[in-house]
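**Student:** What follows is coords_39.cif, mmCIF, C-alpha atoms.
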```
data_structure
loop_
_atom_site.label_atom_id
_atom_site.label_comp_id
_atom_site.auth_asym_id
_atom_site.auth_seq_id
_atom_site.Cartn_x
_atom_site.Cartn_y
_atom_site.Cartn_z
CA MET A 54 -26.41 43.90 27.33
CA THR A 55 -29.75 42.25 28.04
CA LYS A 56 -30.81 41.85 31.64
CA ASN A 57 -33.88 39.99 32.76
CA LYS A 58 -34.84 42.64 35.31
CA GLY A 59 -37.13 41.92 38.24
CA GLY A 60 -37.20 38.17 37.89
CA ILE A 61 -35.45 34.92 38.55
CA CYS A 62 -33.04 33.21 36.22
CA LEU A 63 -32.53 29.49 36.74
CA LEU A 64 -29.47 28.05 35.00
CA VAL A 65 -29.47 24.31 34.46
CA GLY A 66 -26.31 22.56 33.29
CA THR A 67 -26.81 19.12 31.77
CA LYS A 68 -24.83 16.42 30.02
CA LYS A 69 -26.36 17.66 26.76
CA GLY A 70 -26.09 21.42 26.94
CA GLY A 71 -27.40 24.19 29.14
CA PHE A 72 -30.95 25.42 29.74
CA VAL A 73 -32.08 28.83 30.95
CA PHE A 74 -35.40 29.11 32.82
CA THR A 75 -36.78 32.55 33.58
CA SER A 76 -39.66 33.68 35.74
CA ASP A 77 -41.01 36.80 37.35
CA SER A 78 -40.60 37.29 41.09
CA LYS A 79 -43.62 35.05 41.79
CA ARG A 80 -41.54 32.05 40.61
CA LYS A 81 -44.63 30.21 39.43
CA GLU A 82 -44.56 30.26 35.64
CA TRP A 83 -41.30 29.46 33.83
CA ARG A 84 -40.10 30.05 30.30
CA VAL A 85 -37.26 27.93 28.99
CA SER A 86 -34.60 28.34 26.35
CA GLY A 87 -32.03 25.78 25.26
CA PRO A 88 -30.27 23.54 24.89
CA HIS A 89 -27.46 26.05 24.66
CA LEU A 90 -23.94 25.05 23.67
CA LYS A 91 -25.28 21.89 22.06
CA GLY A 92 -22.93 18.95 21.76
CA ASN A 93 -21.21 19.88 24.98
CA GLU A 94 -21.50 18.90 28.59
CA VAL A 95 -22.35 22.08 30.46
CA TYR A 96 -21.20 21.38 33.97
CA HIS A 97 -22.10 24.65 35.62
CA MET A 98 -23.51 28.05 34.74
CA ALA A 99 -23.53 31.30 36.68
CA CYS A 100 -25.18 34.64 36.11
CA ASP A 101 -22.85 37.53 36.84
CA ALA A 102 -24.98 39.90 38.95
CA ARG A 103 -22.62 42.76 38.07
CA ASN A 104 -23.59 42.85 34.41
CA GLY A 105 -26.17 40.14 33.66
CA ALA A 106 -23.78 37.97 31.63
CA ILE A 107 -24.09 34.18 31.84
CA LEU A 108 -20.89 32.17 32.20
CA ALA A 109 -20.78 28.44 31.47
CA SER A 110 -18.29 25.67 32.19
CA VAL A 111 -18.24 23.68 28.96
CA VAL A 112 -16.61 20.34 28.19
CA SER A 113 -16.51 18.74 24.78
CA GLY A 114 -15.62 15.07 24.63
CA HIS A 115 -13.49 15.77 21.58
CA TRP A 116 -12.25 19.32 21.91
CA GLY A 117 -11.72 19.65 25.65
CA PRO A 118 -12.94 22.22 28.18
CA THR A 119 -13.55 25.94 27.90
CA VAL A 120 -15.58 28.78 29.39
CA ALA A 121 -18.38 30.30 27.33
CA ARG A 122 -20.00 33.67 27.96
CA SER A 123 -23.34 35.09 26.84
CA GLU A 124 -24.39 38.71 27.11
CA ASP A 125 -27.90 38.12 25.76
CA MET A 126 -29.37 35.46 28.06
CA GLY A 127 -28.04 32.60 25.95
CA ALA A 128 -29.03 33.81 22.47
CA SER A 129 -25.33 33.88 21.51
CA TRP A 130 -22.12 32.68 23.15
CA LYS A 131 -18.46 33.54 22.96
CA GLU A 132 -15.71 31.25 24.19
CA SER A 133 -12.84 32.52 26.31
CA ARG A 134 -9.95 33.54 24.09
CA ALA A 135 -7.54 32.09 26.68
CA PRO A 136 -9.50 29.44 28.63
CA PRO A 137 -8.20 27.85 31.84
CA ARG A 138 -4.99 26.00 30.97
CA PHE A 139 -2.08 24.84 33.12
CA PRO A 140 1.34 26.24 32.20
CA LYS A 141 3.52 24.15 29.94
CA GLY A 142 6.02 21.99 31.77
CA THR A 143 3.74 21.33 34.76
CA GLY A 144 2.52 18.05 33.32
CA LEU A 145 -1.02 19.10 34.23
CA SER A 146 -3.86 19.48 31.78
CA VAL A 147 -7.39 20.70 32.48
CA ALA A 148 -9.72 17.74 31.98
CA ARG A 149 -12.94 19.32 33.17
CA LEU A 150 -14.29 22.58 34.44
CA TRP A 151 -16.43 22.53 37.56
CA GLN A 152 -17.91 25.46 39.41
CA ILE A 153 -17.71 28.95 37.97
CA LYS A 154 -18.09 31.85 40.39
CA PRO A 155 -18.25 35.58 39.63
CA ALA A 156 -16.62 37.66 42.38
CA PRO A 157 -18.54 40.29 44.37
CA GLU A 158 -19.13 43.85 43.18
CA GLU A 159 -15.94 45.05 44.87
CA GLU A 160 -13.80 43.02 42.43
CA PRO A 161 -14.85 44.20 38.97
CA GLY A 162 -14.05 41.75 36.20
CA VAL A 163 -12.96 38.96 38.53
CA VAL A 164 -14.38 35.47 38.00
CA TYR A 165 -13.15 32.20 39.52
CA ALA A 166 -13.33 28.67 38.12
CA GLY A 167 -12.54 25.30 39.68
CA VAL A 168 -11.07 22.55 37.55
CA GLU A 169 -10.01 18.92 37.44
CA PRO A 170 -7.21 18.13 38.22
CA ALA A 171 -7.91 20.22 41.28
CA CYS A 172 -6.93 23.83 40.97
CA LEU A 173 -8.39 27.31 40.92
CA PHE A 174 -8.28 29.71 37.98
CA LYS A 175 -8.96 33.44 38.03
CA SER A 176 -10.10 35.79 35.30
CA LYS A 177 -9.67 39.54 35.63
CA ASP A 178 -11.57 40.39 32.45
CA TRP A 179 -15.05 38.94 33.07
CA GLY A 180 -14.11 35.41 31.96
CA LYS A 181 -12.38 36.16 28.68
CA SER A 182 -8.93 34.99 29.77
CA TRP A 183 -7.74 32.98 32.76
CA GLU A 184 -4.67 32.45 34.93
CA VAL A 185 -3.86 29.62 37.29
CA ASN A 186 -3.63 30.05 41.06
CA GLU A 187 0.00 29.14 41.55
CA ALA A 188 -0.21 28.63 45.29
CA LEU A 189 -2.71 25.80 44.85
CA MET A 190 -1.01 24.41 41.75
CA ASN A 191 2.29 24.21 43.65
CA HIS A 192 0.84 23.25 47.03
CA LYS A 193 3.38 21.21 48.97
CA THR A 194 0.92 18.35 49.60
CA ARG A 195 -0.37 18.16 46.04
CA LYS A 196 1.40 14.89 45.15
CA LYS A 197 -0.47 13.15 47.97
CA TRP A 198 -3.93 14.33 46.90
CA GLN A 199 -6.32 11.47 46.07
CA PRO A 200 -9.26 11.77 43.68
CA GLY A 201 -12.86 11.22 44.73
CA GLY A 202 -15.41 9.32 42.63
CA GLY A 203 -15.88 12.36 40.41
CA GLY A 204 -12.16 12.84 39.90
CA LEU A 205 -9.65 15.08 41.64
CA CYS A 206 -11.80 18.14 41.27
CA LEU A 207 -12.03 21.56 42.85
CA HIS A 208 -15.81 21.70 42.87
CA THR A 209 -16.74 24.48 45.28
CA ILE A 210 -15.67 28.12 45.51
CA ILE A 211 -16.98 30.39 48.25
CA VAL A 212 -16.03 34.04 48.27
CA ASN A 213 -16.54 35.43 51.76
CA GLY A 214 -17.81 38.77 50.50
CA LYS A 215 -17.41 40.57 53.83
CA ARG A 216 -13.74 40.03 54.47
CA PRO A 217 -11.61 40.99 51.45
CA GLY A 218 -9.20 38.27 50.38
CA ARG A 219 -10.98 35.42 52.17
CA MET A 220 -12.13 32.48 50.09
CA HIS A 221 -12.85 28.81 50.67
CA VAL A 222 -12.42 26.03 48.14
CA ALA A 223 -13.41 22.37 48.42
CA ILE A 224 -11.59 19.53 46.69
CA SER A 225 -12.61 15.88 46.50
CA ALA A 226 -11.09 13.92 48.15
CA VAL A 227 -8.72 16.40 49.73
CA GLY A 228 -10.91 18.63 51.84
CA THR A 229 -11.53 22.28 52.47
CA LEU A 230 -8.91 25.02 52.18
CA ARG A 231 -9.06 28.71 53.02
CA THR A 232 -7.11 31.73 51.88
CA ASP A 233 -7.11 35.11 53.63
CA ASP A 234 -4.76 36.79 51.18
CA HIS A 235 -6.55 36.62 47.82
CA GLY A 236 -5.16 33.16 47.03
CA GLU A 237 -1.50 33.86 47.75
CA SER A 238 -1.52 31.05 50.32
CA TRP A 239 -3.93 28.31 51.39
CA ARG A 240 -4.33 26.25 54.53
CA PHE A 241 -6.41 23.16 55.19
CA GLN A 242 -9.51 23.40 57.35
CA ASN A 243 -10.73 19.91 58.13
CA LYS A 244 -10.63 19.86 61.91
CA ASN A 245 -13.09 17.31 63.37
CA VAL A 246 -14.08 15.97 59.93
CA ILE A 247 -13.84 12.19 60.07
CA VAL A 248 -12.55 10.12 57.15
CA GLY A 249 -13.86 6.73 58.24
CA ASP A 250 -11.99 3.51 58.77
CA GLN A 251 -8.42 4.73 58.52
CA PRO A 252 -5.66 4.71 61.10
CA ASN A 253 -5.84 8.48 61.40
CA LYS A 254 -9.53 9.29 61.51
CA TYR A 255 -9.05 13.07 61.60
CA PRO A 256 -6.23 13.90 59.17
CA GLU A 257 -5.19 17.41 58.21
CA TYR A 258 -6.32 16.65 54.64
CA GLY A 259 -7.69 13.70 52.69
CA THR A 260 -11.33 14.21 53.68
CA CYS A 261 -14.02 13.87 51.03
CA VAL A 262 -15.96 17.11 51.10
CA HIS A 263 -18.93 16.98 48.72
CA LYS A 264 -20.26 20.55 48.97
CA LEU A 265 -20.14 23.71 51.08
CA ALA A 266 -22.80 26.40 51.38
CA ILE A 267 -23.14 29.74 53.16
CA ASN A 268 -25.72 32.40 53.78
CA PRO A 269 -24.10 35.52 52.23
CA SER A 270 -25.04 37.66 55.26
CA THR A 271 -23.21 35.33 57.67
CA PRO A 272 -20.36 33.99 55.53
CA ASP A 273 -18.37 32.60 58.47
CA VAL A 274 -21.14 30.06 59.09
CA ILE A 275 -20.55 27.22 56.64
CA TYR A 276 -22.57 24.07 56.11
CA GLN A 277 -20.79 21.02 54.73
CA GLN A 278 -22.10 17.81 53.21
CA ASN A 279 -19.22 15.36 53.37
CA HIS A 280 -18.88 11.76 52.25
CA THR A 281 -18.82 10.79 55.91
CA GLY A 282 -21.26 13.20 57.48
CA VAL A 283 -22.90 16.59 57.71
CA TYR A 284 -21.09 19.44 59.43
CA ARG A 285 -21.36 23.11 60.33
CA SER A 286 -18.61 25.55 61.08
CA ASP A 287 -19.34 28.76 63.01
CA ASP A 288 -15.83 30.16 62.65
CA ALA A 289 -15.10 30.28 58.92
CA GLY A 290 -13.97 26.67 58.74
CA GLU A 291 -11.58 26.59 61.72
CA GLN A 292 -13.57 23.77 63.33
CA TRP A 293 -16.41 21.58 62.16
CA ILE A 294 -19.33 20.36 64.27
CA ASP A 295 -21.13 17.12 63.46
CA ILE A 296 -24.81 18.00 62.83
CA ARG A 297 -26.14 14.74 61.42
CA HIS A 298 -28.49 14.09 64.35
CA ASN A 299 -31.81 12.65 63.07
CA LEU A 300 -31.03 12.66 59.33
CA PRO A 301 -31.89 9.38 57.57
CA SER A 302 -28.33 9.10 56.32
CA ARG A 303 -25.04 10.88 56.70
CA PHE A 304 -24.39 10.54 52.95
CA GLY A 305 -25.40 12.86 50.15
CA PHE A 306 -23.98 15.45 47.81
CA PRO A 307 -25.63 18.89 47.77
CA VAL A 308 -26.19 21.34 50.59
CA ALA A 309 -27.93 24.72 50.32
CA ALA A 310 -28.16 27.53 52.87
CA ASP A 311 -31.19 29.75 53.28
CA ALA A 312 -30.43 33.33 52.27
CA ASN A 313 -32.86 34.82 54.77
CA ASP A 314 -32.22 32.77 57.84
CA PRO A 315 -28.73 31.52 58.70
CA LYS A 316 -30.25 28.87 60.96
CA ARG A 317 -31.80 27.16 57.92
CA ALA A 318 -30.05 24.71 55.58
CA TYR A 319 -31.13 21.96 53.20
CA LEU A 320 -29.79 18.55 52.14
CA ALA A 321 -30.71 15.74 49.77
CA PRO A 322 -29.59 12.57 51.60
CA LEU A 323 -28.95 9.26 49.84
CA GLU A 324 -28.98 5.84 51.47
CA GLY A 325 -25.20 5.61 51.67
CA ASP A 326 -21.86 5.37 49.96
CA PHE A 327 -22.51 1.92 48.50
CA SER A 328 -26.18 2.52 47.67
CA ARG A 329 -26.49 5.97 46.18
CA ILE A 330 -30.26 6.06 45.96
CA PRO A 331 -32.86 7.59 48.30
CA LYS A 332 -33.63 5.47 51.32
CA ASP A 333 -36.71 3.26 50.81
CA GLY A 334 -37.13 4.64 47.30
CA HIS A 335 -38.47 7.93 48.59
CA PHE A 336 -36.56 11.06 47.70
CA ALA A 337 -36.95 14.03 50.01
CA VAL A 338 -35.14 17.23 50.77
CA TRP A 339 -34.35 17.56 54.46
CA GLY A 340 -34.19 20.92 56.17
CA THR A 341 -33.23 22.40 59.50
CA ASP A 342 -34.33 25.67 61.08
CA ASN A 343 -32.03 25.47 64.10
CA ARG A 344 -28.58 25.14 62.54
CA GLY A 345 -28.71 21.35 62.30
CA LYS A 346 -29.86 20.40 65.78
CA GLU A 347 -32.91 18.76 64.22
CA TRP A 348 -33.86 17.94 60.65
CA PHE A 349 -37.29 17.55 59.05
CA LYS A 350 -38.48 16.06 55.79
CA LEU A 351 -39.61 18.41 53.01
CA ASP A 352 -41.41 16.28 50.45
CA THR A 353 -44.86 17.80 49.82
CA GLY A 354 -45.33 17.73 46.06
CA LEU A 355 -42.59 15.17 45.44
CA PRO A 356 -43.41 11.66 44.19
CA GLU A 357 -44.22 9.04 46.80
CA LYS A 358 -41.80 6.68 45.09
CA SER A 359 -38.72 7.84 43.24
CA TYR A 360 -35.05 7.07 42.94
CA TYR A 361 -33.99 10.64 42.22
CA THR A 362 -30.35 11.46 42.63
CA VAL A 363 -29.16 15.05 42.98
CA LEU A 364 -25.49 15.74 42.29
CA ARG A 365 -23.35 18.09 44.35
CA ASP A 366 -24.23 21.19 42.32
CA GLY A 367 -27.79 20.08 41.69
CA MET A 368 -29.53 22.00 44.50
CA VAL A 369 -29.48 25.72 45.20
CA SER A 370 -31.34 28.43 47.08
CA ASP A 371 -32.28 31.89 45.82
CA LEU A 372 -32.09 35.26 47.54
CA GLU A 373 -35.85 35.89 47.69
CA ASP A 374 -38.07 36.04 50.77
CA PRO A 375 -39.34 33.45 51.43
CA CYS A 376 -36.33 31.58 50.18
CA GLY A 377 -36.80 29.57 47.00
CA LEU A 378 -35.18 26.17 46.57
CA TYR A 379 -34.44 24.35 43.33
CA PHE A 380 -33.08 20.93 42.52
CA GLY A 381 -32.41 18.92 39.38
CA THR A 382 -31.93 15.18 39.12
CA THR A 383 -29.72 12.87 37.13
CA THR A 384 -32.90 11.63 35.45
CA GLY A 385 -33.86 15.09 34.21
CA GLN A 386 -36.50 16.34 36.64
CA LEU A 387 -36.36 19.95 37.77
CA PHE A 388 -38.28 21.03 40.88
CA SER A 389 -38.74 24.34 42.66
CA SER A 390 -40.16 25.49 45.96
CA ARG A 391 -41.25 29.07 46.69
CA ASP A 392 -41.49 28.54 50.44
CA HIS A 393 -38.15 27.12 51.56
CA GLY A 394 -39.05 23.56 50.71
CA ASN A 395 -42.53 23.30 52.24
CA HIS A 396 -44.15 22.73 48.84
CA TRP A 397 -42.55 21.55 45.61
CA GLN A 398 -43.54 22.25 42.03
CA ARG A 399 -42.23 20.31 39.03
CA ILE A 400 -40.81 22.73 36.45
CA SER A 401 -39.66 20.11 33.95
CA ASP A 402 -39.72 16.34 33.74
CA CYS A 403 -37.73 15.66 30.65
CA LEU A 404 -34.34 17.34 30.65
CA PRO A 405 -31.08 15.53 29.98
CA PRO A 406 -29.20 14.34 33.09
CA ILE A 407 -28.82 17.44 35.27
CA LEU A 408 -25.33 18.25 36.49
CA SER A 409 -26.01 21.59 38.13
CA VAL A 410 -28.68 24.12 39.01
CA ASN A 411 -27.87 27.73 39.76
CA VAL A 412 -30.11 30.70 40.36
CA SER A 413 -29.89 34.44 40.14
CA SER A 414 -32.22 37.30 40.99
CA THR A 415 -32.06 39.74 38.13
CA MET B 1 2.61 26.85 2.65
CA ILE B 2 0.68 24.32 4.77
CA ARG B 3 -3.02 23.99 4.07
CA VAL B 4 -5.16 23.13 7.09
CA ARG B 5 -8.66 21.73 6.60
CA LEU B 6 -10.96 22.26 9.58
CA THR B 7 -13.88 20.11 10.61
CA ALA B 8 -17.22 21.90 10.93
CA GLN B 9 -17.07 22.30 14.73
CA LEU B 10 -13.83 24.26 14.50
CA ARG B 11 -14.72 26.64 11.70
CA ASP B 12 -16.19 29.28 14.00
CA TYR B 13 -12.67 29.97 15.24
CA ALA B 14 -11.59 30.76 11.67
CA ARG B 15 -14.57 32.97 10.90
CA GLY B 16 -16.30 30.11 9.11
CA ALA B 17 -13.41 29.11 6.82
CA ARG B 18 -13.24 25.45 5.79
CA GLU B 19 -9.52 25.71 5.29
CA VAL B 20 -6.78 28.09 6.30
CA ASP B 21 -3.13 28.41 5.34
CA VAL B 22 -0.09 28.48 7.59
CA GLU B 23 2.89 30.16 5.98
CA SER B 24 5.40 27.59 7.19
CA ALA B 25 5.81 25.22 10.13
CA ALA B 26 8.54 22.70 10.86
CA ASP B 27 6.15 20.31 12.59
CA LEU B 28 2.58 19.89 13.78
CA ARG B 29 3.34 21.46 17.17
CA THR B 30 4.53 24.65 15.48
CA MET B 31 1.59 24.62 13.11
CA VAL B 32 -0.90 24.42 16.01
CA SER B 33 0.89 27.26 17.76
CA LYS B 34 0.70 29.44 14.67
CA LEU B 35 -2.96 28.57 14.17
CA ASP B 36 -3.67 29.67 17.73
CA GLN B 37 -1.92 32.99 17.16
CA SER B 38 -4.07 33.66 14.11
CA TYR B 39 -7.27 32.22 15.55
CA PRO B 40 -7.20 32.51 19.38
CA GLY B 41 -8.64 29.46 21.12
CA LEU B 42 -8.29 27.10 18.17
CA GLY B 43 -5.00 25.57 19.31
CA GLY B 44 -6.41 24.58 22.70
CA ARG B 45 -9.14 22.58 21.00
CA ILE B 46 -6.60 20.47 19.11
CA VAL B 47 -3.98 19.96 21.81
CA ASP B 48 -4.12 19.84 25.60
CA ASP B 49 -2.34 22.16 28.05
CA GLN B 50 0.97 20.37 27.52
CA GLY B 51 0.74 20.47 23.74
CA LYS B 52 -0.31 16.85 23.16
CA ILE B 53 -2.95 16.11 20.55
CA ARG B 54 -6.23 15.50 22.41
CA PRO B 55 -7.11 11.80 22.66
CA HIS B 56 -10.32 12.10 20.64
CA VAL B 57 -8.89 14.34 17.92
CA ASN B 58 -7.33 12.98 14.77
CA VAL B 59 -4.79 15.01 12.83
CA PHE B 60 -3.95 13.66 9.40
CA VAL B 61 -0.93 14.85 7.46
CA ASN B 62 -1.90 14.31 3.86
CA SER B 63 -3.54 10.90 4.31
CA GLU B 64 -1.63 9.60 7.31
CA ASN B 65 -2.77 9.80 10.91
CA SER B 66 -0.18 11.69 12.94
CA ARG B 67 -0.42 8.98 15.60
CA GLU B 68 1.20 6.63 13.11
CA LEU B 69 3.87 9.22 12.48
CA LYS B 70 5.44 11.28 15.26
CA ASN B 71 2.36 12.84 16.86
CA GLU B 72 2.94 16.53 17.57
CA ASN B 73 6.51 16.19 16.32
CA THR B 74 5.47 15.03 12.87
CA PRO B 75 7.50 17.12 10.41
CA LEU B 76 5.70 19.24 7.87
CA HIS B 77 6.76 20.34 4.41
CA ASP B 78 5.67 22.97 1.99
CA GLY B 79 2.53 21.78 0.20
CA ASP B 80 1.35 19.41 2.94
CA VAL B 81 -2.37 19.25 3.64
CA VAL B 82 -3.40 18.75 7.27
CA HIS B 83 -6.90 17.54 8.20
CA ILE B 84 -8.17 18.10 11.74
CA LEU B 85 -11.08 15.81 12.58
CA PRO B 86 -12.93 14.43 15.59
CA SER B 87 -12.28 10.74 16.10
CA VAL B 88 -15.21 8.35 15.71
CA SER B 89 -15.40 7.53 19.38
CA GLY B 90 -17.66 7.61 22.36
CA GLY B 91 -20.13 4.97 21.32
#
```
Translate the structure of the given file into structure tokens.
**Tutor:**
Amino acid sequence: MTKNKGGICLLVGTKKGGFVFTSDSKRKEWRVSGPHLKGNEVYHMACDARNGAILASVVSGHWGPTVARSEDMGASWKESRAPPRFPKGTGLSVARLWQIKPAPEEEPGVVYAGVEPACLFKSKDWGKSWEVNEALMNHKTRKKWQPGGGGLCLHTIIVNGKRPGRMHVAISAVGTLRTDDHGESWRFQNKNVIVGDQPNKYPEYGTCVHKLAINPSTPDVIYQQNHTGVYRSDDAGEQWIDIRHNLPSRFGFPVAADANDPKRAYLAPLEGDFSRIPKDGHFAVWGTDNRGKEWFKLDTGLPEKSYYTVLRDGMVSDLEDPCGLYFGTTTGQLFSSRDHGNHWQRISDCLPPILSVNVSST
Amino acid sequence: MIRVRLTAQLRDYARGAREVDVESAADLRTMVSKLDQSYPGLGGRIVDDQGKIRPHVNVFVNSENSRELKNENTPLHDGDVVHILPSVSGG
């Protein structure tokens, strides 16, 4: 198996295939390959740090969704022989694959995938075959789940990494759930998350979580970008604290956590729910270095005027020091920063609409 | 014997073959199931999780679209030729 040792691998999923950008540890010069899996929407890609394989969530408009796997940095791909599929008789059918997440080193072969309609799938053989998480599929509240604008999707999977069996998933527009028993049972964790103008402003579920992010060294600290605000939890999702403060807007999709400093996090705010463009036509990443007490604009190197939109999986941080940040836009621009957002460099200006950006140190 | 003609995008599942044979199948549902046993993954590209023909896939039995017949329950007979094609859609 080929591994791109000592560098950075940037995986960009687009509406017209996937692209793989590679660089050395300086993160200055990038080589690109792709489009991979042409003719397909590649929603998300992940590099499995355990073996260097790339996994991709693939959706064909004609032939439906599947997972594809490459062991040679995208030169060739193999589809799962038993891709994520709901059991017969459930009435459910996988419409789209969202985030794909290799498990930590302690769980060899395990990979997770989120799907629409919202559910979690697990592979025990490195992504070759998949089985549904029955506890989520049969969750007692499932019939009351409402879709968000992107569908009823399970779009975020966080594996705690320090506490075996603990995972978080996020579903639009249902909210955040946690398991502490390897997915045997799930409970909602939406305390203090507001849903807006509804009779019950703080329901147990029915909140529109857009994205969650953690620093792997402090996995119980979770940052959340929600439809209605920005939150942080310091207790593995038990309670959420409103940290919007001086942000230009409470609305946006992605959130990234700094791998070196758990007090740092990054957002890409949009004007609001009914105007999903940057405020005043000026896109900027906003960061905090004190856990969301204050936010500052990070726009050096970004255009003065732009209507960039970054989707929920379109911004990510790497594990380097200083932390690198990357974002891709729905208009095909790909930017990186080698100094946690202080300066931005344009990597590409002409990709298809970008659905996701993921990064791996290899 | 049922002869199944595969569109180009599906031939990788059948090691590049343009057409494959299914020994016998009472209906399209059974034929897809047998195809998937011989060529893992192929069935899931033709039908969804519940066994329904995907909305942008056309399956012709001889020259008739299965949607005008009985969809997945369309009966098959020895000597039938089945064409699996992407629909002209999306534009």
**Student:** Counting only C-alpha atoms, which residue out of A:Trp293, A:Val163, A:Asn245, A:Tyr379 sits closest to A:Phe74?
**Tutor:** A:Tyr379
**Student:** In Å, rounded to a single decimal, give me how far atom CA of A:Asp101 is from atom CA of A:Leu207.
**Tutor:**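 Result for atom CA of A:Leu207 versus atom CA of A:Asp101: 20.2 Å, one decimal.
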**Student:** Determine, counting all atoms listed in the file, which protein, DNA and RNA residues have an atom within 12 Å of an atom of B:Val59; residues of the same chain fewer than 3 positions away are not included. Present the result as a PyMOL selection string.
**Tutor:** chain B and resi 4-7+28-29+31-32+45-47+52-56+62-74+81-87
**Student:** Going by the chain IDs and residue numbers used in this file, which residues fall under the PyMOL selection byres ((chain B and resi 15-25) around 9)? Write them as a short mmCIF file (atom, residue, chain, number, x, y, z; two decimals) with C-alpha atoms, in the frame of the given file.
**Tutor:**
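Below is the file result.cif, written as the result:
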```
data_model
loop_
_atom_site.label_atom_id
_atom_site.label_comp_id
_atom_site.auth_asym_id
_atom_site.auth_seq_id
_atom_site.Cartn_x
_atom_site.Cartn_y
_atom_site.Cartn_z
CA MET B 1 2.61 26.85 2.65
CA ILE B 2 0.68 24.32 4.77
CA ARG B 3 -3.02 23.99 4.07
CA VAL B 4 -5.16 23.13 7.09
CA ARG B 5 -8.66 21.73 6.60
CA LEU B 6 -10.96 22.26 9.58
CA THR B 7 -13.88 20.11 10.61
CA ALA B 8 -17.22 21.90 10.93
CA LEU B 10 -13.83 24.26 14.50
CA ARG B 11 -14.72 26.64 11.70
CA ASP B 12 -16.19 29.28 14.00
CA TYR B 13 -12.67 29.97 15.24
CA ALA B 14 -11.59 30.76 11.67
CA ALA B 26 8.54 22.70 10.86
CA ASP B 27 6.15 20.31 12.59
CA LEU B 28 2.58 19.89 13.78
CA ARG B 29 3.34 21.46 17.17
CA THR B 30 4.53 24.65 15.48
CA MET B 31 1.59 24.62 13.11
CA VAL B 32 -0.90 24.42 16.01
CA LYS B 34 0.70 29.44 14.67
CA LEU B 35 -2.96 28.57 14.17
CA TYR B 39 -7.27 32.22 15.55
CA PRO B 75 7.50 17.12 10.41
CA LEU B 76 5.70 19.24 7.87
CA HIS B 77 6.76 20.34 4.41
CA ASP B 78 5.67 22.97 1.99
#
```
**Student:** Can you turn the PyMOL selection byres ((chain A) within 7 of (chain B)) into a concrete residue list for this file, as a list in words?
**Tutor:**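 Matching residues under the PyMOL selection byres ((chain A) within 7 of (chain B)) are His115, Trp116, Gly117, Arg134, Ala135, Arg138, Phe139, Pro140, Lys141, Gly142, Gly144, Ser146 and Val147 of chain A.
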**Student:** Could you list, as a PyMOL selection string, every residue within 12 Å of A:Glu184, counting only C-alpha atoms and ignoring same-chain residues fewer than 6 positions away?
**Tutor:** chain A and resi 133+135-140+163-167+172-178+190
**Student:** How would you write, as a list of chain:residue names, the residues chosen by the PyMOL selection byres ((chain A and resi 267) around 10) on this structure?
**Tutor:**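 Applying the PyMOL selection byres ((chain A and resi 267) around 10) to the structure shown produces A:Ile211, A:Val212, A:Asn213, A:Leu265, A:Ala266, A:Asn268, A:Pro269, A:Ser270, A:Thr271, A:Pro272, A:Asp273, A:Val274, A:Ile275, A:Tyr276, A:Gln277, A:Arg285, A:Ala289, A:Val308, A:Ala309, A:Ala310, A:Asp311, A:Ala312, A:Pro315, A:Ala318.
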**Student:** Complete the atoms of stretch 60-69 of chain B to N, CA and C atoms and put them out as a PDB file, keeping the file's coordinate frame.
**Tutor:**
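The resulting selection_22.pdb:
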```pdb
ATOM      1  N   PHE B  60      -4.543  14.375  10.529  1.00  0.00           N
ATOM      2  CA  PHE B  60      -3.950  13.660   9.400  1.00  0.00           C
ATOM      3  C   PHE B  60      -3.006  14.597   8.653  1.00  0.00           C
ATOM      4  N   VAL B  61      -1.839  14.114   8.335  1.00  0.00           N
ATOM      5  CA  VAL B  61      -0.930  14.850   7.460  1.00  0.00           C
ATOM      6  C   VAL B  61      -1.004  14.157   6.104  1.00  0.00           C
ATOM      7  N   ASN B  62      -1.523  14.907   5.143  1.00  0.00           N
ATOM      8  CA  ASN B  62      -1.900  14.310   3.860  1.00  0.00           C
ATOM      9  C   ASN B  62      -2.872  13.168   4.181  1.00  0.00           C
ATOM     10  N   SER B  63      -2.553  11.940   4.001  1.00  0.00           N
ATOM     11  CA  SER B  63      -3.540  10.900   4.310  1.00  0.00           C
ATOM     12  C   SER B  63      -3.123  10.039   5.493  1.00  0.00           C
ATOM     13  N   GLU B  64      -2.115  10.451   6.219  1.00  0.00           N
ATOM     14  CA  GLU B  64      -1.630   9.600   7.310  1.00  0.00           C
ATOM     15  C   GLU B  64      -1.952  10.200   8.674  1.00  0.00           C
ATOM     16  N   ASN B  65      -2.454   9.362   9.556  1.00  0.00           N
ATOM     17  CA  ASN B  65      -2.770   9.800  10.910  1.00  0.00           C
ATOM     18  C   ASN B  65      -1.472  10.118  11.644  1.00  0.00           C
ATOM     19  N   SER B  66      -1.419  11.283  12.263  1.00  0.00           N
ATOM     20  CA  SER B  66      -0.180  11.690  12.940  1.00  0.00           C
ATOM     21  C   SER B  66       0.210  10.724  14.056  1.00  0.00           C
ATOM     22  N   ARG B  67      -0.752   9.966  14.560  1.00  0.00           N
ATOM     23  CA  ARG B  67      -0.420   8.980  15.600  1.00  0.00           C
ATOM     24  C   ARG B  67       0.452   7.855  15.041  1.00  0.00           C
ATOM     25  N   GLU B  68       0.356   7.647  13.750  1.00  0.00           N
ATOM     26  CA  GLU B  68       1.200   6.630  13.110  1.00  0.00           C
ATOM     27  C   GLU B  68       2.532   7.223  12.687  1.00  0.00           C
ATOM     28  N   LEU B  69       2.634   8.523  12.845  1.00  0.00           N
ATOM     29  CA  LEU B  69       3.870   9.220  12.480  1.00  0.00           C
ATOM     30  C   LEU B  69       4.578   9.606  13.803  1.00  0.00           C
TER      31      LEU B  69
END
```
